[in-house]
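Novice: Data file protein_23.csv (CSV, C-alpha atoms and all ligand atoms) is appended below.
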```csv
chain,number,residue,atom,x,y,z
A,5,MET,CA,115.9,101.5,137.9
A,6,ALA,CA,113.5,101.6,134.9
A,7,ASP,CA,113.1,105.0,133.4
A,8,ASN,CA,111.6,106.4,130.2
A,9,GLU,CA,115.0,106.9,128.5
A,10,GLY,CA,116.0,104.5,125.7
A,11,ASN,CA,112.9,102.3,125.9
A,12,ILE,CA,111.9,100.5,122.7
A,13,GLU,CA,108.5,101.8,121.6
A,14,ALA,CA,105.6,99.3,122.0
A,15,ASP,CA,104.3,98.3,118.6
A,16,ASN,CA,103.0,94.8,118.9
A,17,PHE,CA,99.3,95.5,119.4
A,18,ALA,CA,98.0,92.7,117.0
A,19,LEU,CA,95.2,95.0,116.0
A,20,ASP,CA,93.7,92.4,113.6
A,21,VAL,CA,93.4,89.7,116.4
A,22,LYS,CA,90.3,89.9,118.6
A,23,ALA,CA,90.9,89.5,122.3
A,24,LYS,CA,89.7,86.1,123.6
A,25,SER,CA,86.7,85.9,125.8
A,26,GLU,CA,86.1,82.2,126.6
A,27,ALA,CA,83.3,80.8,128.8
A,28,PHE,CA,84.6,79.0,131.9
A,29,TYR,CA,84.3,75.2,131.5
A,30,LEU,CA,82.4,74.5,134.7
A,31,LYS,CA,78.6,75.0,135.0
A,32,GLY,CA,77.4,78.2,136.6
A,33,LEU,CA,80.8,79.7,137.4
A,34,GLN,CA,81.3,82.1,134.5
A,35,ASN,CA,80.9,85.1,136.9
A,36,ALA,CA,83.0,83.6,139.7
A,37,ASP,CA,86.2,85.4,140.8
A,38,TRP,CA,89.6,84.5,139.2
A,39,GLY,CA,90.8,82.9,142.5
A,40,VAL,CA,87.6,80.7,142.6
A,41,LYS,CA,88.0,79.7,139.0
A,42,SER,CA,91.7,79.0,139.4
A,43,ARG,CA,91.1,76.8,142.5
A,44,MET,CA,88.2,75.0,140.8
A,45,SER,CA,90.4,74.2,137.8
A,46,ARG,CA,92.9,72.6,140.2
A,47,ILE,CA,90.1,70.3,141.4
A,48,PHE,CA,88.2,69.6,138.2
A,49,ASN,CA,90.0,68.1,135.2
A,50,ARG,CA,90.0,70.6,132.3
A,51,LYS,CA,89.4,67.9,129.7
A,52,SER,CA,86.6,65.8,131.3
A,53,GLY,CA,85.2,68.6,133.4
A,54,ARG,CA,85.0,66.1,136.3
A,55,ALA,CA,86.8,65.3,139.5
A,56,VAL,CA,87.6,62.2,141.6
A,57,MET,CA,87.8,63.6,145.1
A,58,LEU,CA,88.9,61.3,147.9
A,59,ALA,CA,86.9,61.9,151.1
A,60,PHE,CA,88.3,60.8,154.4
A,61,ASP,CA,86.8,63.3,156.7
A,62,HIS,CA,84.6,60.7,158.4
A,63,GLY,CA,86.6,60.7,161.7
A,64,TYR,CA,85.3,64.2,162.6
A,65,ILE,CA,82.0,62.7,163.5
A,66,MET,CA,82.6,58.9,163.6
A,67,GLY,CA,86.1,58.5,165.2
A,68,PRO,CA,88.4,55.8,163.8
A,69,THR,CA,86.1,54.6,161.1
A,70,ARG,CA,87.0,51.2,159.4
A,71,GLY,CA,89.7,51.9,156.9
A,72,LEU,CA,90.7,55.1,158.5
A,73,GLU,CA,92.2,53.7,161.7
A,74,ARG,CA,95.7,54.5,160.4
A,75,MET,CA,95.3,57.1,157.7
A,76,ASP,CA,99.0,57.3,157.3
A,77,LEU,CA,99.0,53.7,156.0
A,78,SER,CA,95.6,53.5,154.2
A,79,ILE,CA,95.1,57.0,152.8
A,80,VAL,CA,98.5,58.3,151.9
A,81,PRO,CA,99.1,55.6,149.1
A,82,LEU,CA,95.8,56.6,147.5
A,83,ILE,CA,96.5,60.4,147.3
A,84,LYS,CA,98.4,60.2,144.1
A,85,TYR,CA,95.3,58.9,142.3
A,86,ALA,CA,92.9,61.6,143.6
A,87,ASP,CA,92.2,64.9,141.9
A,88,CYS,CA,91.6,66.4,145.3
A,89,VAL,CA,91.6,65.3,148.9
A,90,MET,CA,88.7,66.1,151.2
A,91,CYS,CA,89.5,65.9,154.9
A,92,THR,CA,89.7,67.8,158.2
A,93,ARG,CA,92.5,70.1,159.0
A,94,GLY,CA,93.6,67.6,161.7
A,95,ALA,CA,94.0,64.8,159.1
A,96,LEU,CA,95.7,67.2,156.6
A,97,ARG,CA,98.3,68.4,159.1
A,98,THR,CA,99.0,64.9,160.5
A,99,ILE,CA,99.1,62.6,157.5
A,100,VAL,CA,98.8,64.4,154.1
A,101,PRO,CA,102.3,65.2,152.7
A,102,PRO,CA,102.3,69.0,151.9
A,103,GLU,CA,104.4,68.2,148.8
A,104,CYS,CA,101.8,65.9,147.3
A,105,GLY,CA,100.6,68.8,145.2
A,106,LYS,CA,96.9,68.0,145.5
A,107,PRO,CA,94.2,70.6,146.0
A,108,VAL,CA,92.5,70.3,149.4
A,109,ALA,CA,88.8,70.6,150.2
A,110,LEU,CA,88.6,71.1,153.9
A,111,ARG,CA,85.8,70.0,156.1
A,112,TRP,CA,84.8,73.3,157.5
A,113,SER,CA,82.1,72.8,160.0
A,114,ALA,CA,82.2,70.7,163.2
A,115,GLY,CA,80.5,70.4,166.6
A,116,SER,CA,78.8,67.1,167.1
A,117,THR,CA,79.4,63.3,166.7
A,118,VAL,CA,77.5,60.2,166.1
A,119,LEU,CA,77.2,59.8,169.9
A,120,THR,CA,74.9,62.9,170.1
A,121,GLU,CA,72.8,64.8,167.7
A,122,LEU,CA,74.4,65.2,164.3
A,123,ASN,CA,74.7,68.5,162.5
A,124,ASP,CA,74.8,70.9,165.5
A,125,GLU,CA,77.9,72.5,164.0
A,126,CYS,CA,79.7,75.8,163.9
A,127,LEU,CA,82.5,77.1,161.6
A,128,ILE,CA,86.2,77.2,161.9
A,129,ASP,CA,88.3,80.3,161.4
A,130,ILE,CA,89.0,81.3,157.7
A,131,GLU,CA,92.6,82.3,158.5
A,132,ASP,CA,93.5,78.7,159.1
A,133,ALA,CA,92.1,77.7,155.7
A,134,VAL,CA,94.2,80.4,154.0
A,135,LYS,CA,97.3,79.1,155.9
A,136,LEU,CA,96.5,75.6,154.7
A,137,ASP,CA,96.2,76.7,151.1
A,138,ALA,CA,92.6,75.3,150.9
A,139,CYS,CA,91.0,75.0,147.5
A,140,ALA,CA,87.5,74.6,148.9
A,141,LEU,CA,85.8,74.8,152.3
A,142,ALA,CA,83.1,72.4,153.0
A,143,PRO,CA,80.4,73.0,155.6
A,144,MET,CA,77.6,70.5,156.3
A,145,VAL,CA,74.1,71.7,155.5
A,146,ALA,CA,71.2,69.8,157.1
A,147,ILE,CA,68.1,70.8,155.0
A,148,GLY,CA,65.0,69.6,156.7
A,149,GLY,CA,66.8,68.7,159.9
A,150,ALA,CA,66.7,70.0,163.4
A,151,PHE,CA,69.7,72.3,162.6
A,152,GLU,CA,68.5,73.5,159.3
A,153,ALA,CA,68.7,77.2,160.1
A,154,LYS,CA,72.0,77.0,161.9
A,155,THR,CA,73.7,75.0,159.1
A,156,ILE,CA,72.3,77.3,156.3
A,157,GLN,CA,73.7,80.2,158.2
A,158,ASN,CA,77.0,78.3,158.4
A,159,LEU,CA,76.9,77.9,154.6
A,160,ALA,CA,76.1,81.5,154.0
A,161,LYS,CA,78.9,82.7,156.4
A,162,THR,CA,81.3,80.3,154.7
A,163,ALA,CA,80.4,81.7,151.3
A,164,ASP,CA,80.9,85.3,152.6
A,165,MET,CA,84.2,84.5,154.2
A,166,THR,CA,85.6,82.5,151.2
A,167,ALA,CA,84.5,85.2,148.8
A,168,LYS,CA,87.1,87.5,150.4
A,169,TYR,CA,89.9,85.1,149.5
A,170,GLY,CA,88.7,83.6,146.2
A,171,ILE,CA,88.2,80.1,147.8
A,172,PRO,CA,85.3,78.0,146.6
A,173,THR,CA,82.6,76.8,149.0
A,174,LEU,CA,81.5,73.1,148.8
A,175,GLY,CA,78.1,72.8,150.3
A,176,VAL,CA,77.6,69.3,151.7
A,177,THR,CA,74.1,67.8,152.0
A,178,ALA,CA,74.1,66.4,155.5
A,179,VAL,CA,73.7,62.8,156.6
A,180,GLY,CA,71.0,62.1,159.2
A,181,LYS,CA,68.4,59.5,159.9
A,182,GLU,CA,65.6,62.0,159.5
A,183,LEU,CA,66.9,63.4,156.2
A,184,GLY,CA,65.7,62.2,152.8
A,185,ARG,CA,67.5,60.6,149.9
A,186,ASP,CA,65.0,60.9,147.0
A,187,ALA,CA,65.1,63.3,144.1
A,188,ARG,CA,62.6,65.6,145.5
A,189,TYR,CA,64.6,66.0,148.8
A,190,LEU,CA,68.0,66.1,147.1
A,191,GLY,CA,66.8,68.5,144.4
A,192,LEU,CA,65.5,70.9,147.1
A,193,ALA,CA,68.6,70.5,149.2
A,194,CYS,CA,71.1,71.1,146.4
A,195,ARG,CA,69.1,74.1,145.1
A,196,VAL,CA,68.9,75.7,148.5
A,197,ILE,CA,72.6,75.1,149.1
A,198,THR,CA,73.5,76.8,145.7
A,199,GLU,CA,71.2,79.7,146.2
A,200,ASN,CA,72.8,80.4,149.6
A,201,GLY,CA,76.2,80.7,148.0
A,202,ALA,CA,77.9,77.3,147.4
A,203,THR,CA,80.3,77.1,144.4
A,204,PHE,CA,79.7,73.4,144.1
A,205,VAL,CA,77.6,70.8,146.0
A,206,LYS,CA,78.2,67.4,147.4
A,207,THR,CA,75.2,65.2,147.6
A,208,TYR,CA,74.0,61.6,147.3
A,209,TYR,CA,72.9,59.7,144.2
A,210,CYS,CA,69.3,58.5,143.9
A,211,ASP,CA,68.2,56.0,141.3
A,212,GLU,CA,65.0,57.8,140.2
A,213,GLY,CA,65.3,61.4,138.9
A,214,PHE,CA,68.9,62.2,139.7
A,215,GLU,CA,69.2,64.0,136.3
A,216,LYS,CA,66.6,66.4,137.5
A,217,VAL,CA,68.5,67.1,140.7
A,218,VAL,CA,71.5,67.9,138.5
A,219,ALA,CA,69.5,70.0,136.0
A,220,ALA,CA,68.0,72.2,138.7
A,221,CYS,CA,71.3,72.8,140.5
A,222,PRO,CA,73.0,75.7,138.8
A,223,VAL,CA,76.6,74.6,139.8
A,224,PRO,CA,78.5,71.3,139.6
A,225,ILE,CA,77.5,68.4,141.8
A,226,VAL,CA,79.8,65.7,143.1
A,227,ILE,CA,78.4,62.6,144.7
A,228,ALA,CA,79.3,60.9,148.0
A,229,GLY,CA,79.6,57.2,147.7
A,230,GLY,CA,77.6,56.4,150.9
A,231,LYS,CA,77.9,53.1,152.8
A,232,LYS,CA,80.2,50.5,151.4
A,233,LEU,CA,78.8,48.5,148.5
A,234,PRO,CA,80.3,45.6,146.6
A,235,GLU,CA,82.9,47.1,144.2
A,236,ALA,CA,80.8,46.4,141.0
A,237,GLU,CA,77.8,48.2,142.5
A,238,ALA,CA,79.9,51.2,143.6
A,239,LEU,CA,81.3,51.5,140.1
A,240,GLU,CA,77.8,51.4,138.7
A,241,LEU,CA,76.7,54.1,141.1
A,242,ALA,CA,79.6,56.3,139.9
A,243,TYR,CA,78.8,55.6,136.3
A,244,LYS,CA,75.1,56.4,136.7
A,245,ALA,CA,75.8,59.6,138.6
A,246,VAL,CA,78.2,61.0,135.9
A,247,ASN,CA,75.9,59.8,133.2
A,248,ASP,CA,73.1,61.7,134.8
A,249,GLY,CA,75.3,64.8,134.8
A,250,ALA,CA,77.3,64.7,138.1
A,251,ALA,CA,80.7,66.4,137.7
A,252,GLY,CA,82.4,63.6,139.6
A,253,VAL,CA,82.6,61.9,142.9
A,254,ASP,CA,83.7,62.8,146.4
A,255,MET,CA,84.0,59.2,147.5
A,256,GLY,CA,85.2,57.8,150.8
A,257,ARG,CA,84.1,54.4,152.1
A,258,ASN,CA,83.6,52.8,148.7
A,259,ILE,CA,87.3,53.5,148.1
A,260,PHE,CA,89.1,53.1,151.4
A,261,GLN,CA,87.0,50.2,152.6
A,262,SER,CA,87.4,48.3,149.3
A,263,GLU,CA,89.1,44.9,149.1
A,264,CYS,CA,91.8,46.8,147.2
A,265,PRO,CA,91.5,50.6,147.6
A,266,GLU,CA,94.4,51.3,145.2
A,267,ALA,CA,92.7,49.3,142.5
A,268,MET,CA,89.3,50.8,143.3
A,269,ILE,CA,90.3,54.4,143.1
A,270,GLN,CA,91.8,53.8,139.6
A,271,ALA,CA,88.7,52.0,138.4
A,272,VAL,CA,86.6,55.0,139.7
A,273,ARG,CA,88.9,57.3,137.8
A,274,ALA,CA,88.3,55.3,134.6
A,275,VAL,CA,84.5,55.8,135.0
A,276,VAL,CA,84.7,59.4,135.9
A,277,HIS,CA,87.3,60.6,133.4
A,278,GLU,CA,87.0,58.1,130.6
A,279,ASN,CA,83.3,57.1,130.8
A,280,ALA,CA,84.4,53.5,131.3
A,281,SER,CA,81.3,51.2,131.6
A,282,PRO,CA,80.7,49.6,135.0
A,283,LYS,CA,81.6,46.3,133.5
A,284,ASP,CA,85.0,47.5,132.0
A,285,ALA,CA,85.8,49.4,135.2
A,286,PHE,CA,85.1,46.3,137.3
A,287,GLU,CA,87.3,44.2,135.1
A,288,MET,CA,90.0,46.9,135.5
A,289,PHE,CA,89.5,46.7,139.3
A,290,ASN,CA,90.0,42.9,139.3
A,291,ASP,CA,93.1,43.0,137.0
A,292,LEU,CA,94.7,45.8,139.1
A,293,GLN,CA,93.7,44.0,142.3
A,294,HIS,CA,95.5,40.8,141.2
A,295,GLU,CA,98.6,42.7,140.1
A,296,ILE,CA,98.7,44.7,143.4
A,297,LYS,CA,98.2,41.6,145.6
A,298,LYS,CA,100.9,39.7,143.7
A,299,LEU,CA,103.5,42.3,144.7
B,1,LIG,C1,79.0,63.3,154.7
B,1,LIG,C2,80.3,63.4,154.2
B,1,LIG,C3,81.2,62.4,154.7
B,1,LIG,O1,81.9,62.6,155.8
B,1,LIG,C4,82.0,61.7,153.6
B,1,LIG,O2,82.8,62.6,152.9
B,1,LIG,C5,81.1,60.9,152.8
B,1,LIG,O3,81.8,60.0,151.9
B,1,LIG,P1,81.3,58.6,151.6
B,1,LIG,O4,79.8,58.6,151.8
B,1,LIG,O5,81.7,58.4,150.2
B,1,LIG,O6,82.0,57.6,152.5
B,1,LIG,O7,80.7,64.4,153.5
B,1,LIG,O8,78.1,64.1,154.0
```
How would this structure read if it were set down as structure tokens?
Specialist:
Amino acid sequence: MADNEGNIEADNFALDVKAKSEAFYLKGLQNADWGVKSRMSRIFNRKSGRAVMLAFDHGYIMGPTRGLERMDLSIVPLIKYADCVMCTRGALRTIVPPECGKPVALRWSAGSTVLTELNDECLIDIEDAVKLDACALAPMVAIGGAFEAKTIQNLAKTADMTAKYGIPTLGVTAVGKELGRDARYLGLACRVITENGATFVKTYYCDEGFEKVVAACPVPIVIAGGKKLPEAEALELAYKAVNDGAAGVDMGRNIFQSECPEAMIQAVRAVVHENASPKDAFEMFNDLQHEIKKL
């Protein structure tokens, strides 16, 4: 047992070296807790400050969506290319190998499907998120929708619960026919989500004024890809979003419904982390696709 006898006296205080006090590399998070920063730095690349998150949580409202019929076959081979996986706890437990080493953003609200009214959701128990080693919890927030109050409360409760454990909250702007997609709507939604406690925000890209949506959102924004587009257009969407200030993508259908998902996710990575132009990224997609399909 250690005692005070015979210990060498401490004398290495480097009195001439000032203690470091560095700003955190992600927007708006300098005052976040250590656990939050640690988990965010598992998701967001330290060098580019961006992330390619692979979203395959669609089944929780849409059932066996195209490309997700057999997630064990379609999603597992893509995981190695993602900086983070975004999914439900059901998908995580059934198909994501725990040894993959990727941070997980868990879909953290549920309660309705495309067969009824979307966004009438409640929250899942935080203890399960801790058990699953979640790096972020993602509740849906339907600003301007019929369940606005309920979903903002869900967000605020998630932020309170996650704060106890140092887990980031990813506020997700909801999908819904009645909900907008222009800069005015997205700017309002992202700002409300942040002011109610989100650590980062997932939203949609809009062609006009997205840079203002990003500027007025005090924390990082990642964009969803939305409905499947031709690959060249999806790469352009990713390019424009990061160019306008997004901190990456949380993309689903435009990756797993691609002609060649494995090539697509690598091309998206080139755009997000290396600022590859949409043209170069599309060429990369085509080259990789040929190689992969030859195998
Ligand atoms: C809706 C969601 C989705 O379930 C999903 O993650 C969206 O991904 P994509 O639009 O790229 O398919 O979060 O807000």
Novice: List all protein, DNA and RNA residues that have at least one atom no more than 7 Å from any atom of ligand LIG 1 (chain B), counting all atoms listed in the file, and write them as a list in words.
Specialist: Ala59, Phe60, Asp61, His62, Met144, Val176, Thr177, Ala178, Val179, Ala228, Gly229, Gly230, Lys231, Asp254, Met255, Gly256, Arg257 and Asn258 of chain A
Novice: In terms of the shortest atom-to-atom distance over all atoms listed in the file, which of A:Gly63, A:Ala55, A:Gly32, A:Ser25 is closest to Glu199 in chain A?
Specialist: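 For Glu199 in chain A, the nearest of the given residues is A:Gly32.
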Novice: Tell me which of A:Asp87, A:Glu121, A:Glu152, A:Glu237 sits closest to Val196 in chain A, counting all atoms listed in the file.
Specialist: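 For Val196 in chain A, the nearest of the given residues is A:Glu152.
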Novice: Here is a test: counting all atoms listed in the file, which residue of A:Ala193, A:Ile128, A:Cys139, A:Ala150 is nearest to Pro172 in chain A?
Specialist: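 Nearest candidate to Pro172 in chain A out of A:Ala193, A:Ile128, A:Cys139, A:Ala150: A:Cys139.
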Novice: Do you know which residues are at most 12 Å from Gly105 in chain A counting only C-alpha atoms, after dropping those on the same chain fewer than 6 positions away, and could you put them as JSON, numbers by chain?
Specialist: {"A": [46, 47, 83, 84, 85, 86, 87, 88, 89, 137, 138, 139]}
Novice: So, counting all atoms listed in the file, which residue among A:Asp15, A:Asp37, A:Glu26, A:Asp211 is closest to Gly170 in chain A?
Specialist: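 Among A:Asp15, A:Asp37, A:Glu26, A:Asp211, it is A:Asp37 that comes nearest to Gly170 in chain A.
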Novice: Select, from A:Glu182, A:Glu103, A:Glu125, A:Asp132, the residue with the minimum atom-to-atom distance to Gly148 in chain A, counting only C-alpha atoms.
Specialist: A:Glu182
Novice: Using all atoms listed in the file, can you tell me which of A:Val253, A:Leu292, A:Met90, A:Ala142 comes closest to Leu174 in chain A?
Specialist: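 Going through A:Val253, A:Leu292, A:Met90, A:Ala142 one by one, the smallest distance to Leu174 in chain A is for A:Ala142.
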Novice: Between CA of Ser116 in chain A and CA of Cys210 in chain A, measure the distance and give it in Å to one decimal.
Specialist: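 Taking CA of Ser116 in chain A as the start and CA of Cys210 in chain A as the end point, the length is 26.5 Å.
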Novice: CA of Val80 in chain A and CA of Met268 in chain A are how many Å apart?
Specialist: 14.7 Å
